$ cat entry.csv   # CSV, C-alpha atoms
chain,number,residue,atom,x,y,z
F,1,MET,CA,82.0,91.2,191.0
F,2,ARG,CA,84.2,88.2,190.3
F,3,ILE,CA,84.5,87.5,186.6
F,4,PRO,CA,86.7,84.4,186.0
F,5,SER,CA,88.9,84.6,182.9
F,6,LEU,CA,88.0,81.2,181.6
F,7,ILE,CA,84.3,81.7,181.9
F,8,LEU,CA,84.1,85.1,180.3
F,9,ALA,CA,86.4,84.1,177.5
F,10,LEU,CA,83.8,81.5,176.7
F,11,VAL,CA,81.0,84.0,176.8
F,12,LEU,CA,82.2,86.4,174.1
F,13,PRO,CA,81.8,85.4,170.5
F,14,GLY,CA,84.6,87.7,169.4
F,15,LEU,CA,87.0,85.7,171.6
F,16,LEU,CA,86.0,82.3,170.4
F,17,VAL,CA,87.8,82.3,167.1
F,18,PRO,CA,91.3,80.9,167.8
F,19,ALA,CA,94.3,82.5,166.2
F,20,ALA,CA,96.9,80.3,164.4
F,21,GLY,CA,98.6,78.0,166.9
F,22,GLN,CA,96.0,78.6,169.7
F,23,GLU,CA,93.7,76.0,171.1
F,24,ARG,CA,90.4,75.4,169.5
F,25,ALA,CA,87.3,77.1,170.9
F,26,PRO,CA,85.3,75.3,173.6
F,27,ASP,CA,82.3,73.3,172.6
F,28,ARG,CA,78.8,74.8,172.8
F,29,GLU,CA,77.9,73.0,176.0
F,30,THR,CA,80.9,74.5,177.8
F,31,ARG,CA,80.1,77.9,176.5
F,32,LEU,CA,76.5,77.6,177.6
F,33,ARG,CA,77.4,76.6,181.1
F,34,ALA,CA,79.8,79.5,181.3
F,35,VAL,CA,77.2,82.0,180.1
F,36,GLU,CA,74.7,80.7,182.6
F,37,ARG,CA,77.2,81.2,185.5
F,38,HIS,CA,78.1,84.6,184.1
F,39,ILE,CA,74.4,85.6,184.2
F,40,VAL,CA,74.0,84.5,187.8
F,41,ARG,CA,77.0,86.8,188.8
F,42,LEU,CA,75.6,89.7,186.7
F,43,GLN,CA,72.2,89.3,188.4
F,44,GLY,CA,73.8,89.4,191.8
F,45,GLU,CA,75.8,92.5,190.8
F,46,LEU,CA,72.7,94.2,189.6
F,47,ASP,CA,70.9,93.4,192.8
F,48,ARG,CA,73.8,94.8,194.8
F,49,LEU,CA,73.8,98.0,192.8
F,50,GLN,CA,70.0,98.4,193.1
F,51,ALA,CA,70.3,98.0,196.9
F,52,ARG,CA,73.3,100.2,197.6
F,53,GLU,CA,74.2,102.6,194.8
F,54,ARG,CA,72.6,106.0,194.9
F,55,GLY,CA,72.8,109.3,193.0
F,56,VAL,CA,73.4,110.0,189.3
F,57,LEU,CA,76.4,107.6,189.0
F,58,GLY,CA,74.5,104.9,190.8
F,59,GLN,CA,71.6,105.2,188.4
F,60,LEU,CA,74.0,104.9,185.5
F,61,SER,CA,75.7,101.9,187.0
F,62,ARG,CA,72.4,100.1,187.4
F,63,ILE,CA,71.4,100.9,183.8
F,64,ASP,CA,74.8,99.6,182.5
F,65,ALA,CA,74.6,96.5,184.7
F,66,GLU,CA,71.2,95.7,183.4
F,67,ILE,CA,72.3,96.2,179.8
F,68,THR,CA,75.3,93.9,180.4
F,69,LEU,CA,72.9,91.3,181.9
F,70,ARG,CA,70.6,91.5,178.9
F,71,GLU,CA,73.5,91.1,176.5
F,72,ALA,CA,74.5,87.9,178.3
F,73,GLN,CA,71.0,86.6,178.3
F,74,LEU,CA,70.7,87.2,174.6
F,75,GLN,CA,74.0,85.4,174.2
F,76,GLN,CA,72.6,82.5,176.2
F,77,THR,CA,69.5,82.2,173.9
F,78,GLY,CA,71.7,82.4,170.9
F,79,ILE,CA,73.8,79.4,172.0
F,80,ARG,CA,70.7,77.4,172.9
F,81,MET,CA,69.1,78.3,169.6
F,82,GLY,CA,72.2,77.1,167.7
F,83,GLU,CA,72.2,73.8,169.7
F,84,LEU,CA,68.5,73.2,169.0
F,85,GLU,CA,68.9,73.9,165.3
F,86,GLU,CA,71.8,71.4,165.0
F,87,GLN,CA,69.7,68.8,166.9
F,88,ILE,CA,66.7,69.4,164.7
F,89,GLU,CA,68.8,69.2,161.6
F,90,ALA,CA,70.4,66.0,162.7
F,91,ARG,CA,67.0,64.4,163.6
F,92,GLU,CA,65.5,65.5,160.3
F,93,ALA,CA,68.3,63.9,158.4
F,94,VAL,CA,67.8,60.6,160.4
F,95,ALA,CA,64.1,60.7,159.8
F,96,ALA,CA,64.6,61.4,156.1
F,97,ASP,CA,67.0,58.4,155.8
F,98,LEU,CA,64.6,56.2,157.7
F,99,ALA,CA,61.7,57.3,155.5
F,100,THR,CA,63.7,56.5,152.3
F,101,ILE,CA,64.7,53.0,153.7
F,102,GLN,CA,61.1,52.3,154.7
F,103,ALA,CA,59.9,53.3,151.2
F,104,ASN,CA,62.4,50.9,149.6
F,105,ARG,CA,61.3,48.1,151.9
F,106,GLU,CA,57.6,48.8,151.1
F,107,THR,CA,58.4,48.6,147.4
F,108,TYR,CA,60.2,45.2,148.0
F,109,LEU,CA,57.5,43.8,150.1
F,110,SER,CA,54.7,44.8,147.7
F,111,PHE,CA,56.6,43.1,144.9
F,112,ARG,CA,57.0,39.9,146.9
F,113,VAL,CA,53.3,39.9,147.7
F,114,ARG,CA,52.4,40.3,144.1
F,115,GLU,CA,54.8,37.5,143.0
F,116,MET,CA,53.5,35.1,145.6
F,117,TYR,CA,49.9,35.9,144.6
F,118,LYS,CA,50.7,35.3,140.9
F,119,GLN,CA,52.5,32.0,141.5
F,120,GLY,CA,50.1,30.6,144.1
F,121,PRO,CA,51.2,28.5,147.0
F,122,GLY,CA,53.8,25.8,146.1
F,123,ASN,CA,53.7,26.5,142.4
F,124,SER,CA,57.4,26.5,141.8
F,125,PHE,CA,57.8,23.3,143.8
F,126,ARG,CA,55.1,21.5,141.9
F,127,ARG,CA,56.8,22.3,138.6
F,128,SER,CA,60.1,20.9,139.9
F,129,MET,CA,58.5,17.7,141.1
F,130,ILE,CA,56.6,17.1,137.9
F,131,SER,CA,59.8,17.5,135.8
F,132,GLY,CA,61.5,14.9,137.9
F,133,ASP,CA,64.6,17.0,138.1
F,134,VAL,CA,65.9,16.5,141.7
F,135,GLU,CA,68.6,19.1,141.4
F,136,ALA,CA,66.1,21.7,140.2
F,137,PHE,CA,63.8,20.7,143.1
F,138,LEU,CA,66.6,21.1,145.7
F,139,GLU,CA,67.6,24.4,144.1
F,140,GLY,CA,64.0,25.7,144.3
F,141,LEU,CA,63.7,24.6,147.9
F,142,ARG,CA,66.9,26.4,148.8
F,143,TYR,CA,65.7,29.6,146.9
F,144,ALA,CA,62.3,29.5,148.6
F,145,SER,CA,64.0,29.1,152.0
F,146,PHE,CA,66.3,32.0,151.2
F,147,LEU,CA,63.3,34.2,150.1
F,148,SER,CA,61.4,33.2,153.2
F,149,GLU,CA,64.2,34.2,155.6
F,150,ARG,CA,64.9,37.4,153.6
F,151,ASP,CA,61.3,38.4,153.7
F,152,ALA,CA,61.0,37.7,157.4
F,153,LYS,CA,64.1,39.8,158.0
F,154,VAL,CA,62.8,42.7,155.9
F,155,ILE,CA,59.5,42.6,157.8
F,156,ARG,CA,61.2,42.6,161.2
F,157,GLU,CA,63.4,45.5,160.1
F,158,TYR,CA,60.5,47.4,158.7
F,159,ARG,CA,58.5,47.1,162.0
F,160,THR,CA,61.6,48.1,164.1
F,161,ASP,CA,62.3,51.1,162.0
F,162,ALA,CA,58.7,52.1,161.7
F,163,GLU,CA,58.7,52.4,165.5
F,164,ARG,CA,62.0,54.3,165.4
F,165,LEU,CA,60.6,56.7,162.8
F,166,ARG,CA,57.6,57.4,164.9
F,167,SER,CA,59.8,58.1,167.9
F,168,GLU,CA,62.1,60.5,165.8
F,169,GLN,CA,59.1,62.3,164.5
F,170,ALA,CA,57.6,62.7,168.0
F,171,ILE,CA,61.0,64.1,169.3
F,172,LEU,CA,61.1,66.5,166.3
F,173,VAL,CA,57.7,67.9,167.3
F,174,THR,CA,58.9,68.5,170.9
F,175,GLU,CA,62.2,70.1,169.7
F,176,ARG,CA,60.4,72.4,167.3
F,177,GLU,CA,58.2,73.5,170.1
F,178,ARG,CA,61.3,74.2,172.2
F,179,GLN,CA,62.8,76.0,169.3
F,180,GLN,CA,59.8,78.3,169.1
F,181,ALA,CA,60.0,78.9,172.9
F,182,VAL,CA,63.6,79.9,172.6
F,183,ARG,CA,62.8,82.2,169.7
F,184,THR,CA,60.2,83.9,171.9
F,185,GLU,CA,62.7,84.2,174.7
F,186,ALA,CA,65.3,85.6,172.5
F,187,GLN,CA,62.9,88.3,171.2
F,188,ARG,CA,62.0,89.2,174.8
F,189,ALA,CA,65.8,89.5,175.6
F,190,ARG,CA,66.2,91.8,172.5
F,191,ASN,CA,63.3,93.9,173.6
F,192,ARG,CA,64.7,94.3,177.1
F,193,LEU,CA,68.2,95.1,175.7
F,194,VAL,CA,66.7,97.8,173.4
F,195,SER,CA,64.7,99.2,176.3
F,196,GLY,CA,67.9,99.3,178.5
F,197,ARG,CA,69.8,101.2,175.8
F,198,ARG,CA,66.9,103.6,175.4
F,199,ASP,CA,66.9,104.2,179.1
F,200,ARG,CA,70.7,105.0,178.9
F,201,SER,CA,70.2,107.4,176.1
F,202,SER,CA,67.3,109.2,178.0
F,203,PHE,CA,69.5,109.3,181.1
F,204,LEU,CA,72.4,111.0,179.1
F,205,THR,CA,69.9,113.4,177.5
F,206,ARG,CA,68.6,114.5,180.9
F,207,LEU,CA,72.2,114.8,182.1
F,208,ARG,CA,72.9,117.2,179.2
F,209,LYS,CA,69.8,119.3,179.7
F,210,ASP,CA,69.5,119.5,183.5
F,211,SER,CA,72.1,121.7,185.2
F,212,ASN,CA,71.2,120.3,188.7
F,213,VAL,CA,71.8,116.7,187.5
F,214,ARG,CA,75.1,117.7,185.9
F,215,LYS,CA,76.2,119.4,189.1
F,216,SER,CA,75.4,116.3,191.1
F,217,ALA,CA,77.1,114.0,188.6
F,218,LEU,CA,80.3,116.2,188.6
F,219,GLY,CA,80.4,116.1,192.4
F,220,GLU,CA,80.0,112.3,192.4
F,221,LEU,CA,82.7,111.9,189.8
F,222,GLU,CA,85.1,113.8,192.1
F,223,GLU,CA,84.1,111.5,194.9
F,224,ALA,CA,84.6,108.5,192.7
F,225,ALA,CA,88.1,109.7,191.8
F,226,GLY,CA,89.0,109.9,195.5
F,227,GLU,CA,87.5,106.4,196.0
F,228,LEU,CA,89.8,105.1,193.2
F,229,THR,CA,92.8,106.7,194.9
F,230,ASN,CA,91.9,105.1,198.2
F,231,LEU,CA,91.3,101.7,196.5
F,232,VAL,CA,94.7,101.8,194.8
F,233,GLU,CA,96.4,102.6,198.0
F,234,ASP,CA,94.7,99.7,199.8
F,235,LEU,CA,95.3,97.2,197.0
F,236,ALA,CA,98.9,98.1,196.1
F,237,THR,CA,101.5,95.8,197.5
F,238,ASP,CA,105.2,96.1,198.2
F,239,GLN,CA,106.1,93.1,196.1
F,240,LEU,CA,109.1,93.3,194.0
F,241,ALA,CA,108.8,92.9,190.2
F,242,VAL,CA,110.3,89.8,188.6
F,243,VAL,CA,111.1,92.1,185.7
F,244,ASP,CA,111.5,95.8,186.3
F,245,MET,CA,108.9,97.6,184.2
F,246,HIS,CA,111.0,100.8,184.3
F,247,THR,CA,113.5,99.3,181.9
F,248,PHE,CA,110.6,99.1,179.3
F,249,ARG,CA,109.7,102.8,179.6
F,250,GLY,CA,109.1,104.1,176.1
F,251,LEU,CA,108.8,100.5,174.7
F,252,LEU,CA,105.3,99.5,175.8
F,253,ASP,CA,102.2,99.1,173.6
F,254,LEU,CA,99.0,101.0,174.3
F,255,PRO,CA,96.4,98.8,176.1
F,256,VAL,CA,94.0,99.1,173.2
F,257,ASP,CA,94.4,99.8,169.5
F,258,GLY,CA,93.0,103.3,169.2
F,259,ALA,CA,93.8,107.0,169.3
F,260,ILE,CA,94.4,109.0,172.5
F,261,THR,CA,91.7,111.7,172.6
F,262,GLU,CA,92.4,113.1,176.1
F,263,ARG,CA,95.8,113.2,177.6
F,264,PHE,CA,97.1,113.4,181.2
F,265,GLY,CA,96.4,116.7,183.0
F,266,GLU,CA,93.5,119.0,183.3
F,267,ILE,CA,90.8,118.8,180.6
F,268,VAL,CA,87.5,120.4,179.8
F,269,HIS,CA,85.0,117.7,180.6
F,270,PRO,CA,83.0,117.0,177.4
F,271,ARG,CA,79.7,116.7,179.3
F,272,PHE,CA,80.1,119.4,182.0
F,273,LYS,CA,82.2,121.9,180.1
F,274,THR,CA,84.3,122.6,183.1
F,275,ARG,CA,88.0,122.0,183.8
F,276,VAL,CA,88.6,118.9,185.8
F,277,PRO,CA,91.7,116.9,186.7
F,278,HIS,CA,92.4,114.0,184.2
F,279,PRO,CA,95.0,111.7,185.7
F,280,GLY,CA,95.1,109.3,182.8
F,281,LEU,CA,94.4,108.8,179.1
F,282,ASP,CA,91.2,108.5,177.2
F,283,ILE,CA,91.8,106.1,174.3
F,284,GLU,CA,89.1,106.0,171.6
F,285,ALA,CA,88.2,102.5,170.5
F,286,ASP,CA,85.2,100.6,169.1
F,287,GLN,CA,82.9,98.7,171.4
F,288,GLY,CA,84.3,95.2,171.9
F,289,ARG,CA,87.9,95.9,170.9
F,290,ARG,CA,90.4,93.9,173.0
F,291,ILE,CA,92.1,95.5,176.0
F,292,THR,CA,95.5,94.1,176.9
F,293,GLY,CA,97.7,94.3,179.9
F,294,ILE,CA,100.6,96.7,179.3
F,295,PHE,CA,103.0,94.5,181.3
F,296,ASP,CA,103.3,91.4,183.4
F,297,GLY,CA,101.4,91.7,186.7
F,298,THR,CA,98.8,90.4,189.1
F,299,VAL,CA,95.1,91.4,189.0
F,300,VAL,CA,94.3,93.1,192.3
F,301,TYR,CA,90.8,94.3,191.3
F,302,ALA,CA,88.3,93.2,188.6
F,303,ALA,CA,84.8,94.5,189.3
F,304,TRP,CA,82.3,97.3,189.0
F,305,LEU,CA,83.6,100.7,190.3
F,306,ARG,CA,81.5,103.7,190.7
F,307,GLY,CA,82.2,106.3,188.0
F,308,TYR,CA,84.4,103.9,186.1
F,309,GLY,CA,82.2,101.0,185.2
F,310,LEU,CA,83.8,97.6,184.9
F,311,THR,CA,87.4,98.1,185.9
F,312,ALA,CA,90.6,96.0,186.1
F,313,ILE,CA,93.6,97.0,188.2
F,314,LEU,CA,97.0,95.3,187.7
F,315,ASP,CA,99.9,95.4,190.2
F,316,HIS,CA,103.2,95.2,188.3
F,317,GLY,CA,105.4,95.2,191.4
F,318,ASP,CA,107.7,98.0,192.6
F,319,ARG,CA,104.5,100.1,193.5
F,320,LEU,CA,103.5,100.4,189.8
F,321,VAL,CA,99.8,99.9,189.1
F,322,SER,CA,97.8,100.2,185.9
F,323,ILE,CA,94.0,100.8,185.7
F,324,TYR,CA,91.6,100.0,182.8
F,325,SER,CA,88.1,101.3,183.0
F,326,HIS,CA,84.7,101.4,181.2
F,327,ALA,CA,85.1,97.8,179.9
F,328,SER,CA,82.1,96.0,178.5
F,329,VAL,CA,83.4,92.8,180.1
F,330,LEU,CA,86.4,91.7,182.0
F,331,LEU,CA,88.3,88.6,181.2
F,332,VAL,CA,90.4,88.3,184.4
F,333,GLU,CA,89.7,87.8,188.0
F,334,LYS,CA,91.3,89.0,191.2
F,335,GLY,CA,94.5,87.1,192.0
F,336,GLU,CA,95.2,86.1,188.4
F,337,LYS,CA,98.7,86.4,186.9
F,338,VAL,CA,98.7,88.1,183.5
F,339,LEU,CA,101.4,88.6,180.9
F,340,ARG,CA,102.3,91.6,178.9
F,341,GLY,CA,99.9,91.8,175.9
F,342,GLN,CA,97.4,89.3,177.4
F,343,VAL,CA,93.7,90.1,176.7
F,344,ILE,CA,92.1,91.2,180.0
F,345,GLY,CA,88.8,92.6,178.7
F,346,GLN,CA,86.9,94.4,175.9
F,347,VAL,CA,86.2,98.1,175.4
F,348,GLY,CA,82.7,99.3,176.4
F,349,GLU,CA,80.9,102.2,177.9
F,350,THR,CA,80.0,101.0,181.4
F,351,GLY,CA,80.1,104.0,183.6
F,352,SER,CA,81.0,106.2,180.7
F,353,LEU,CA,79.3,109.5,179.9
F,354,LYS,CA,80.6,109.8,176.3
F,355,GLY,CA,80.2,106.4,174.7
F,356,PRO,CA,82.7,103.5,174.3
F,357,PHE,CA,86.3,104.2,175.1
F,358,LEU,CA,89.1,103.0,177.4
F,359,TYR,CA,90.1,105.1,180.4
F,360,PHE,CA,93.7,104.2,181.4
F,361,GLU,CA,95.8,105.3,184.4
F,362,LEU,CA,99.3,104.5,185.5
F,363,ARG,CA,100.1,105.0,189.2
F,364,GLU,CA,103.4,104.8,191.0
F,365,ASN,CA,103.6,104.9,194.8
F,366,GLY,CA,99.8,105.6,194.8
F,367,LYS,CA,100.1,108.7,192.7
F,368,ALA,CA,98.9,109.1,189.1
F,369,ILE,CA,101.8,109.7,186.6
F,370,ASP,CA,101.6,110.5,182.9
F,371,PRO,CA,101.4,107.2,181.0
F,372,ALA,CA,102.3,108.6,177.6
F,373,PRO,CA,106.2,108.4,178.0
F,374,TRP,CA,105.9,104.7,178.7
F,375,PHE,CA,104.4,103.9,175.3
F,376,ARG,CA,106.1,103.6,171.9

$ encode --input "entry.csv" --output "structure tokens"
Amino acid sequence: MRIPSLILALVLPGLLVPAAGQERAPDRETRLRAVERHIVRLQGELDRLQARERGVLGQLSRIDAEITLREAQLQQTGIRMGELEEQIEAREAVAADLATIQANRETYLSFRVREMYKQGPGNSFRRSMISGDVEAFLEGLRYASFLSERDAKVIREYRTDAERLRSEQAILVTERERQQAVRTEAQRARNRLVSGRRDRSSFLTRLRKDSNVRKSALGELEEAAGELTNLVEDLATDQLAVVDMHTFRGLLDLPVDGAITERFGEIVHPRFKTRVPHPGLDIEADQGRRITGIFDGTVVYAAWLRGYGLTAILDHGDRLVSIYSHASVLLVEKGEKVLRGQVIGQVGETGSLKGPFLYFELRENGKAIDPAPWFR
């Protein structure tokens, strides 16, 4: 599943707040288009999983893919709702201003009608002519002409803005109807998301209680580990590193801010209560926390991986490869160059049997090595 870095960076709210010195966040329209493209890819990935994935891990993958899709759909409706609310607020302000202006014009025109009625036609001119004062007569003529032009202008503007006000009010009615439709859509997305999370919880409960399901899952996890090894061997290149990562051994930062809960070697699996190989690190971290690349490299894999959920694999050259699994979302795509410390995803629980955490591996010449000595 290709997940372009630009597009997914736009999707996630937590990544939209720029730090000091960074570029400003994309506008709402750009984010909306990005989310829509993301949803299309997620739907395609879900269709693929439903068609091909089998077994316990396949079921978990489909559940996780559906949850991820529902989260993206909820994000989409949130962006659209924000856009509509801003549009409605702006139109309400325009309509209110127009209504105030129209009220002032109505007051003025009512006053003018009353004044003309009280004076009667030509009253001021008759007084000027009777007095014999030519200057007063001319002044009165000029004033009458001014009032006539002004009244005509006010009437024209009143008619124009009356039509404009009707148009704004009609658009407001339509936009409020759209707003209600989006609210309904958002509620449906929330309900589907809640349902998906409930399905995941039920699945894990069944896994815990049913020994046959546990046995199947354990066997599938062993197969998935072998598939990961084969994948790394296929993806790793013989490219030379621009900067030798070995010189930074002991100086690297963990890929996520969290505590290491399971170290390299054999462990007792928390679900299956049996000793299993553990060729990496489990790093406890909250859902959505940023995952960063440990060193400069090239993304050679960024997709769903059976037993590991959303997984990114970076090739650092000199046959050194790092693996980041169980992400909630990936922010890099295959072929992309990344720098040390660059955000490549967010912590999640896709493919995980124990909640959100980051599973991390470091491999050299295709074999897993203990990552701990490489970190500060």

$ residues_around --input "entry.csv" --residues "His316 in chain F" --least-positions-apart "6" --cutoff "7 Å" --atoms "only C-alpha atoms" --output "list in words"
Ala241, Asp296, Gly297 and Thr298 of chain F

$ atom_distance --input "entry.csv" --atom1 "CA of Leu193 in chain F" --atom2 "CA of Arg70 in chain F"
5.4 Å

$ atom_distance --input "entry.csv" --atom1 "CA of Arg192 in chain F" --atom2 "CA of Ser325 in chain F"
25.1 Å

$ atom_distance --input "entry.csv" --atom1 "CA of Ala312 in chain F" --atom2 "CA of Ile369 in chain F"
17.7 Å

$ residues_around --input "entry.csv" --residues "Leu240 in chain F" --least-positions-apart "4" --cutoff "9 Å" --atoms "all atoms listed in the file" --output "list in words"
Asp244, His316, Gly317, Asp318 and Arg319 of chain F

$ residues_around --input "entry.csv" --residues "range 285-294 of chain F" --least-positions-apart "3" --cutoff "10 Å" --atoms "only C-alpha atoms" --output "CSV table (one decimal) with C-alpha atoms, keeping the file's coordinate frame"
chain,number,residue,atom,x,y,z
F,12,LEU,CA,82.2,86.4,174.1
F,14,GLY,CA,84.6,87.7,169.4
F,15,LEU,CA,87.0,85.7,171.6
F,245,MET,CA,108.9,97.6,184.2
F,252,LEU,CA,105.3,99.5,175.8
F,253,ASP,CA,102.2,99.1,173.6
F,254,LEU,CA,99.0,101.0,174.3
F,255,PRO,CA,96.4,98.8,176.1
F,256,VAL,CA,94.0,99.1,173.2
F,257,ASP,CA,94.4,99.8,169.5
F,258,GLY,CA,93.0,103.3,169.2
F,259,ALA,CA,93.8,107.0,169.3
F,260,ILE,CA,94.4,109.0,172.5
F,282,ASP,CA,91.2,108.5,177.2
F,297,GLY,CA,101.4,91.7,186.7
F,299,VAL,CA,95.1,91.4,189.0
F,312,ALA,CA,90.6,96.0,186.1
F,313,ILE,CA,93.6,97.0,188.2
F,314,LEU,CA,97.0,95.3,187.7
F,316,HIS,CA,103.2,95.2,188.3
F,322,SER,CA,97.8,100.2,185.9
F,323,ILE,CA,94.0,100.8,185.7
F,324,TYR,CA,91.6,100.0,182.8
F,325,SER,CA,88.1,101.3,183.0
F,327,ALA,CA,85.1,97.8,179.9
F,328,SER,CA,82.1,96.0,178.5
F,329,VAL,CA,83.4,92.8,180.1
F,330,LEU,CA,86.4,91.7,182.0
F,331,LEU,CA,88.3,88.6,181.2
F,338,VAL,CA,98.7,88.1,183.5
F,339,LEU,CA,101.4,88.6,180.9
F,340,ARG,CA,102.3,91.6,178.9
F,341,GLY,CA,99.9,91.8,175.9
F,342,GLN,CA,97.4,89.3,177.4
F,343,VAL,CA,93.7,90.1,176.7
F,344,ILE,CA,92.1,91.2,180.0
F,345,GLY,CA,88.8,92.6,178.7
F,346,GLN,CA,86.9,94.4,175.9
F,347,VAL,CA,86.2,98.1,175.4
F,348,GLY,CA,82.7,99.3,176.4
F,349,GLU,CA,80.9,102.2,177.9
F,355,GLY,CA,80.2,106.4,174.7
F,356,PRO,CA,82.7,103.5,174.3
F,357,PHE,CA,86.3,104.2,175.1
F,358,LEU,CA,89.1,103.0,177.4
F,374,TRP,CA,105.9,104.7,178.7
F,375,PHE,CA,104.4,103.9,175.3

$ closest_residue --input "entry.csv" --among "F:Leu204, F:Ile101, F:Val332, F:Val113" --to "Leu310 in chain F" --atoms "only C-alpha atoms"
F:Val332

$ closest_residue --input "entry.csv" --among "F:Gly265, F:Glu220, F:Glu66, F:Glu36" --to "Arg48 in chain F" --atoms "only C-alpha atoms"
F:Glu66

$ closest_residue --input "entry.csv" --among "F:Ala372, F:Ala93, F:Leu172, F:Leu320" --to "Leu251 in chain F" --atoms "all atoms listed in the file"
F:Ala372

$ closest_atom_pairs --input "entry.csv" --of "range 264-345 of chain F" --to "range 228-236 of chain F" --cutoff "8 Å" --atoms "all atoms listed in the file" --output "tab-separated table"
residue	atom	partner	partner_atom	distance
F:Val300	CA	F:Leu235	CA	6.3
F:Tyr301	CA	F:Leu235	CA	7.8
F:Asp315	CA	F:Ala236	CA	6.6
F:Arg319	CA	F:Ala236	CA	6.5
F:Val321	CA	F:Ala236	CA	7.3

$ residues_around --input "entry.csv" --residues "Ala162 in chain F" --least-positions-apart "2" --cutoff "12 Å" --atoms "all atoms listed in the file" --output "NGL selection string"
:F and (95 or 97-103 or 105-106 or 154-160 or 164-169)

$ closest_residue --input "entry.csv" --among "F:Arg263, F:Asp238, F:Arg112, F:Ala90" --to "Ser148 in chain F" --atoms "all atoms listed in the file"
F:Arg112

$ residues_around --input "entry.csv" --residues "range 184-191 of chain F" --least-positions-apart "5" --cutoff "7 Å" --atoms "all atoms listed in the file" --output "ChimeraX atom specification"
/F:70,73-74,77

$ closest_residue --input "entry.csv" --among "F:Ala181, F:Val35, F:Leu49, F:Leu353" --to "Ser201 in chain F" --atoms "all atoms listed in the file"
F:Leu353
